[in-house]
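*Asks:* Below you'll find the structure I mean.
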Amino acid sequence: MSHALGGNGSSVLTFEGVAGRHPGLTDEVWDYHHQAACVCLDRHHTPPQSFSVQMDNARESYAVAWVPADTAARRAWANSTDATECGAYGVTIACAERLAGPVVVSRAEQASGADWYVAPCGCGVDENGDPDLDALGVRRFEVSGVDVGPVGARLTEKKRQLLEGQSYLPGIAAVVGFERAIVAMESIPET
Amino acid sequence: MSDYRASQDLIARAETALREGSVARAHGFFRAAAEAQRAFVDRLPAERVRTRSVFGLSAASLLFKADALDEAEALVHELLAKGSLDARSHESLRELLQRIWNEQRGRAAGLPGLGDAFSAVLIGGRVQHGVAPLDVVETVAKTVTSLIRRMGAWCNQEDFAARPAPAVRDIGEAYRALMSEPIYGSYRIDLYLTQVQPSLDLGTPYRPSATPTQIIDSCLRFARLVGQSEDEAVRHEVPDERYRGTLIRLLRQLVPNGADVAEVEIRRPTEPKELAVRLRPAHREPMNSLIKALGPQPARKPGKQPPVLEGLLRAVDLDAGKLRVQRQEGHTDIRISDELHDTIGPMLNRRVVVYVTHGRRRQMPLAHDIDLARQHEPAAG
């Protein structure tokens, strides 16, 4: 991820090389979400686009840069709901890492949908590099995307989902507003 | 590559196959991913309870996604029997087991699958895990069935039928409704809508029936618009005012009173909670306004509010189109307009408020709206 300054003075955030820094992401998995993120960003913006990224009391502005999706990718992600969900994973994983440092240690299928787990860099994995969710510092990462419109209500829903969820782990609720160019994240303590 | 990382790549390949419409290939990848995750879980030391719990459930979910129901069931039983999982994963596994059983029963009954489903989740108030007030459960179950039936008729471009079909199980000729057992955790009712072979009507050109997915999509979309009080969008979604009025009233009937139930969440069981439409007591007044603004308008003098009768609904005769309300001063017989038939059933023997207009002398008053009396409900807003 580059740290160069964008045209408006904010630092540049790209999606290149992200998988290599996250033990829970393979290249194939990252490429899948990265492509969806590009399709969603293309709907409203041309790169680079300034994004406001906030988590708890930290707030930064990043010039998000991406390569516009080609026709095949747009066709593959024609289902808008799926694209927004997967694209949100791509954008939030990159933004959370840049702003606060957590990296993905695993993704697990639940009865419906997927749950992501993050931890500070170097934590949350065993000696084989596989996820160790019993380790200190592991948090759930609940992500959602809003194509058009405000993100506040969705963030409240995600926080509630974490508090009522099937896990005692602390968590981070994260919502991307693609049209509004905002990423809002909030920490939730252990329940 | 470790079993865990192999499973991640296989999941990504399965999801890509699904997006490309290759369901059989996706099933194969999901099954392989499940086997890899199971191998990962089997090698974990017993003390890593959380990791075992999360990925045990994950492996079983992947088998379900692979349409390997028997294997998924066996794995869930095995995980539950071993007992080395955290408490919340036990809950999730039981819920998954319920879904597996529902799917298996549907297939055993000769259905190609359970089709699509509509969930109503009761939250708060006097609702506990798997237990809820009987009258509320009965009202919600009947109302959801009526909502799907009416929306199905609308999606199939049928003329508005004044009297709903008497059959409870079948929704028209083309569908069958199957109710799940209450789902473990809060109180959730899943109503599965399955398409059965439609009988051919040789008198009219053949037109394919709307699929269960289309009908449930329409229900959820309409509910979302009504919940947001999007007047124009609601009108546009269902232009026929009789259908529209009936459907809004059915949604109003799902609005909780705050005391017995704090919130009713409606969604597909497979969809994340954040996509749910949430109905709370404060939605009642905006829905009343929608009904007034968008439903059929009763004939009355401009600016004059309709009389309101409150009492116990003692008798309903849908064939004759009338009902009887018992009040302190005696009973009153009332005619009912067509849009009210779907909502009256669960109100029998309960206190109701009826909005009427009076016609000529000696003629029974005509009810153009009826709702459960909500004397214990907190003020809207």
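By convention here, the chains of the structure tokens are called A, B, ... in the order presented, each chain's residues are numbered starting at 1, and ligands are numbered starting at 1 in the order presented.
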Neighbours of Val104 in chain A within 8 Å (only C-alpha atoms; same-chain residues fewer than 5 positions away dropped), as a list in words?
*Replies:*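 Result of the neighbour search: His22, Pro23, Gly24, Leu25, Ile93, Trp116, Tyr117, Val118 and Ala119 of chain A.
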*Asks:* Would you save the residues of that selection, restricted to N, CA and C atoms, as a short mmCIF file (atom, residue, chain, number, x, y, z; two decimals), in the first residue's frame?
*Replies:*
data_model
loop_
_atom_site.label_atom_id
_atom_site.label_comp_id
_atom_site.auth_asym_id
_atom_site.auth_seq_id
_atom_site.Cartn_x
_atom_site.Cartn_y
_atom_site.Cartn_z
N HIS A 22 -1.84 -9.88 5.27
CA HIS A 22 -2.93 -10.43 6.08
C HIS A 22 -2.85 -11.96 6.07
N PRO A 23 -2.50 -12.57 7.20
CA PRO A 23 -2.34 -14.02 7.19
C PRO A 23 -3.62 -14.78 6.86
N GLY A 24 -4.75 -14.13 7.04
CA GLY A 24 -6.02 -14.83 6.76
C GLY A 24 -6.52 -14.63 5.35
N LEU A 25 -5.74 -13.96 4.50
CA LEU A 25 -6.18 -13.74 3.12
C LEU A 25 -5.21 -14.43 2.17
N ILE A 93 -11.24 -3.75 4.78
CA ILE A 93 -10.02 -4.44 5.20
C ILE A 93 -8.81 -3.54 4.96
N TRP A 116 -15.61 -12.42 9.66
CA TRP A 116 -14.18 -12.16 9.56
C TRP A 116 -13.62 -11.97 10.96
N TYR A 117 -12.36 -12.36 11.12
CA TYR A 117 -11.67 -12.17 12.40
C TYR A 117 -10.38 -11.42 12.11
N VAL A 118 -10.12 -10.42 12.95
CA VAL A 118 -8.90 -9.62 12.77
C VAL A 118 -8.13 -9.60 14.08
N ALA A 119 -6.88 -9.24 14.00
CA ALA A 119 -6.02 -9.16 15.19
C ALA A 119 -4.87 -8.22 14.87
#
*Asks:* Please identify the alpha helix (DSSP H) residues within range 85-168 of chain A (assignment by DSSP from backbone atoms) and present them as a compact mmCIF listing (two decimals) with C-alpha atoms, in the first residue's frame.
*Replies:*
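Ended up saving to selection.txt:
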# COMPACT_ATOMS: atom_id res chain seq x y z
CA GLU A 85 -21.19 -6.81 0.22
CA CYS A 86 -17.94 -8.20 -1.20
CA GLY A 87 -16.71 -4.77 -2.27
CA ALA A 88 -17.26 -3.56 1.29
CA TYR A 89 -14.99 -6.33 2.57
CA GLY A 90 -12.25 -5.16 0.21
CA VAL A 91 -12.47 -1.47 1.11
CA THR A 92 -12.83 -1.91 4.88
CA ILE A 93 -10.02 -4.44 5.20
CA ALA A 94 -7.63 -2.05 3.46
CA CYS A 95 -8.86 1.02 5.39
CA ALA A 96 -8.91 -0.65 8.82
CA GLU A 97 -5.35 -1.86 8.35
CA ARG A 98 -4.15 1.59 7.35
CA LEU A 99 -5.95 3.49 10.09
CA ALA A 100 -5.70 1.16 13.09
CA GLY A 152 -25.28 5.72 10.28
CA ALA A 153 -28.27 3.40 10.55
CA ARG A 154 -26.35 0.50 9.06
CA LEU A 155 -23.46 1.05 11.48
CA THR A 156 -25.93 0.94 14.37
CA GLU A 157 -27.28 -2.34 13.00
CA LYS A 158 -23.82 -3.83 12.72
CA LYS A 159 -22.96 -2.79 16.27
CA ARG A 160 -26.13 -4.39 17.53
CA GLN A 161 -25.38 -7.51 15.52
CA LEU A 162 -22.01 -7.75 17.24
CA LEU A 163 -23.51 -7.24 20.68
CA GLU A 164 -26.22 -9.84 20.09
*Asks:* Name the closest residue to Gln128 in chain B among the candidates B:Asp116, B:Glu232, B:Glu241, B:Asp260; distances are taken between atoms, counting only C-alpha atoms.
*Replies:*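 Closest to Gln128 in chain B, using only C-alpha atoms: B:Asp260.
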*Asks:* For each of B:Val277, B:Leu251, B:Ile189, B:Val234, take the minimum atom-to-atom distance to chain A, counting only C-alpha atoms, then give the residue where this is smallest.
*Replies:*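 Distance minimum relative to chain A lands on B:Val277.
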*Asks:* Give as a list in words every residue of chain B that touches chain A within 6 Å, counting only C-alpha atoms.
*Replies:*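 Selected residues: Ala12, Arg48, Arg50, Thr51, Ser58, Ser61, Arg88, Thr270 and Glu274 of chain B.
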*Asks:* Let me make sure I understand: among A:Cys121, A:Met55, A:Ala63, A:Val18, which one has the smallest atom-to-atom distance to Ile188 in chain A if we use only C-alpha atoms?
*Replies:* A:Met55
*Asks:* If you measure from CA of Asp9 in chain B to CA of Gly28 in chain B, what distance in Å do you get, rounded to one decimal?
*Replies:*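 Separation between CA of Asp9 in chain B and CA of Gly28 in chain B: 13.0 Å.
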*Asks:* Tell me, in Å to one decimal, how far CA of Ala161 in chain B is from CA of Val144 in chain B.
*Replies:* 17.7 Å
*Asks:* Within range 13-140 of chain B, find each residue whose DSSP state, derived from the backbone, is strand (DSSP E or B), and express the selection as a list in words.
*Replies:*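 Selecting the strand (DSSP E or B) positions of range 13-140 of chain B gives Asp116, Ala117, Phe118, Ser119, Ala120, Val121, Leu122, Ile123, Gln128 and Val131 of chain B.
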*Asks:* Emit the selected residues as a PDB file, in the first residue's frame, including N, CA and C atoms.
*Replies:*
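Just written: out-v6.pdb:
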ATOM      1  N   ASP B 116     -38.302 -20.691  -1.188  1.00  0.00           N
ATOM      2  CA  ASP B 116     -37.768 -19.519  -0.503  1.00  0.00           C
ATOM      3  C   ASP B 116     -38.523 -19.346   0.807  1.00  0.00           C
ATOM      4  N   ALA B 117     -37.954 -18.586   1.692  1.00  0.00           N
ATOM      5  CA  ALA B 117     -38.575 -18.472   3.016  1.00  0.00           C
ATOM      6  C   ALA B 117     -38.610 -17.033   3.486  1.00  0.00           C
ATOM      7  N   PHE B 118     -39.568 -16.794   4.341  1.00  0.00           N
ATOM      8  CA  PHE B 118     -39.810 -15.486   4.925  1.00  0.00           C
ATOM      9  C   PHE B 118     -39.774 -15.674   6.435  1.00  0.00           C
ATOM     10  N   SER B 119     -38.917 -14.940   7.096  1.00  0.00           N
ATOM     11  CA  SER B 119     -38.794 -15.084   8.550  1.00  0.00           C
ATOM     12  C   SER B 119     -39.420 -13.900   9.261  1.00  0.00           C
ATOM     13  N   ALA B 120     -40.112 -14.184  10.338  1.00  0.00           N
ATOM     14  CA  ALA B 120     -40.549 -13.127  11.261  1.00  0.00           C
ATOM     15  C   ALA B 120     -39.911 -13.439  12.602  1.00  0.00           C
ATOM     16  N   VAL B 121     -39.092 -12.530  13.084  1.00  0.00           N
ATOM     17  CA  VAL B 121     -38.382 -12.740  14.342  1.00  0.00           C
ATOM     18  C   VAL B 121     -38.986 -11.818  15.396  1.00  0.00           C
ATOM     19  N   LEU B 122     -39.443 -12.401  16.495  1.00  0.00           N
ATOM     20  CA  LEU B 122     -40.028 -11.611  17.577  1.00  0.00           C
ATOM     21  C   LEU B 122     -38.939 -11.326  18.598  1.00  0.00           C
ATOM     22  N   ILE B 123     -38.801 -10.057  18.968  1.00  0.00           N
ATOM     23  CA  ILE B 123     -37.696  -9.644  19.827  1.00  0.00           C
ATOM     24  C   ILE B 123     -38.221  -8.792  20.985  1.00  0.00           C
ATOM     25  N   GLN B 128     -39.030 -14.840  24.996  1.00  0.00           N
ATOM     26  CA  GLN B 128     -37.802 -15.446  25.493  1.00  0.00           C
ATOM     27  C   GLN B 128     -37.285 -16.408  24.429  1.00  0.00           C
ATOM     28  N   VAL B 131     -39.764 -19.097  23.222  1.00  0.00           N
ATOM     29  CA  VAL B 131     -41.066 -18.986  23.877  1.00  0.00           C
ATOM     30  C   VAL B 131     -41.607 -17.586  23.636  1.00  0.00           C
TER      31      VAL B 131
END
*Asks:* Please provide as a PyMOL selection string all residues within 12 Å of range 321-338 of chain B, with the sequence filter that same-chain residues fewer than 4 positions apart are discarded (counting only C-alpha atoms).
*Replies:* chain B and resi 160-164+241-243+245-246+295-298+308-317+342-345+347-359+362-370
*Asks:* Keeping only C-alpha atoms, take the residues you just selected and write them out as a compact mmCIF listing (two decimals), in the first residue's frame.
*Replies:*
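Wrote it out as result_15.txt, contents follow:
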# COMPACT_ATOMS: atom_id res chain seq x y z
CA PHE B 160 -58.38 -8.71 -6.29
CA ALA B 161 -60.37 -11.44 -4.54
CA ALA B 162 -62.63 -9.93 -1.90
CA ARG B 163 -62.67 -13.10 0.17
CA PRO B 164 -59.38 -14.81 0.86
CA GLU B 241 -55.37 0.60 -4.28
CA ARG B 242 -57.26 -2.41 -2.93
CA TYR B 243 -54.19 -4.63 -2.99
CA GLY B 245 -54.56 -1.07 1.25
CA THR B 246 -54.75 -4.74 2.18
CA GLY B 295 -56.03 3.26 0.39
CA PRO B 296 -59.55 3.44 -1.03
CA GLN B 297 -61.29 6.53 0.31
CA PRO B 298 -64.60 5.99 2.11
CA VAL B 308 -64.86 4.98 15.82
CA LEU B 309 -66.36 1.99 17.61
CA GLU B 310 -64.36 0.10 20.20
CA GLY B 311 -65.35 -3.25 21.60
CA LEU B 312 -64.88 -7.00 21.56
CA LEU B 313 -64.99 -8.64 18.13
CA ARG B 314 -67.44 -11.43 18.82
CA ALA B 315 -68.43 -12.78 15.43
CA VAL B 316 -67.22 -12.69 11.87
CA ASP B 317 -69.12 -13.86 8.80
CA ASP B 342 -57.37 -10.69 5.35
CA THR B 343 -56.73 -8.99 8.67
CA ILE B 344 -59.84 -9.90 10.66
CA GLY B 345 -59.16 -13.57 11.48
CA MET B 347 -58.82 -10.33 15.85
CA LEU B 348 -61.69 -12.61 16.82
CA ASN B 349 -62.47 -12.42 20.57
CA ARG B 350 -60.08 -9.51 21.02
CA ARG B 351 -60.70 -5.80 21.57
CA VAL B 352 -60.75 -3.87 18.34
CA VAL B 353 -61.30 -0.35 17.08
CA VAL B 354 -63.45 -0.06 13.98
CA TYR B 355 -63.61 3.03 11.79
CA VAL B 356 -67.02 3.19 10.18
CA THR B 357 -69.16 5.30 7.94
CA HIS B 358 -72.92 5.35 8.30
CA GLY B 359 -75.06 4.93 5.25
CA ARG B 362 -81.52 1.19 8.98
CA GLN B 363 -78.47 0.26 6.95
CA MET B 364 -75.58 -1.32 8.81
CA PRO B 365 -72.52 0.92 9.19
CA LEU B 366 -69.63 0.06 6.88
CA ALA B 367 -66.18 -0.60 8.38
CA HIS B 368 -63.38 0.74 6.24
CA ASP B 369 -60.64 0.03 8.75
CA ILE B 370 -60.21 -2.19 11.78
*Asks:* Do a neighbour search on Ala81 in chain B at 12 Å with only C-alpha atoms, toss out local chain neighbours closer than 5 positions, and write the hits as an NGL selection string.
*Replies:* :B and (74-76 or 90 or 93-94)
*Asks:* Excluding Leu247 in chain B and its own-chain neighbours fewer than 2 positions away, which residues fall within 12 Å of it when counting only C-alpha atoms? Please give them as an MDAnalysis selection string.
*Replies:* chainID B and resid 143:154 160 218:223 225:226 234:235 237:245 249:254 287 290:291 294:295 339:343
*Asks:* Between CA of Pro120 in chain A and CA of Ala173 in chain A, what is the distance in Å, rounded to a tenth?
*Replies:*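 That distance, rounded to one decimal, is 16.1 Å.
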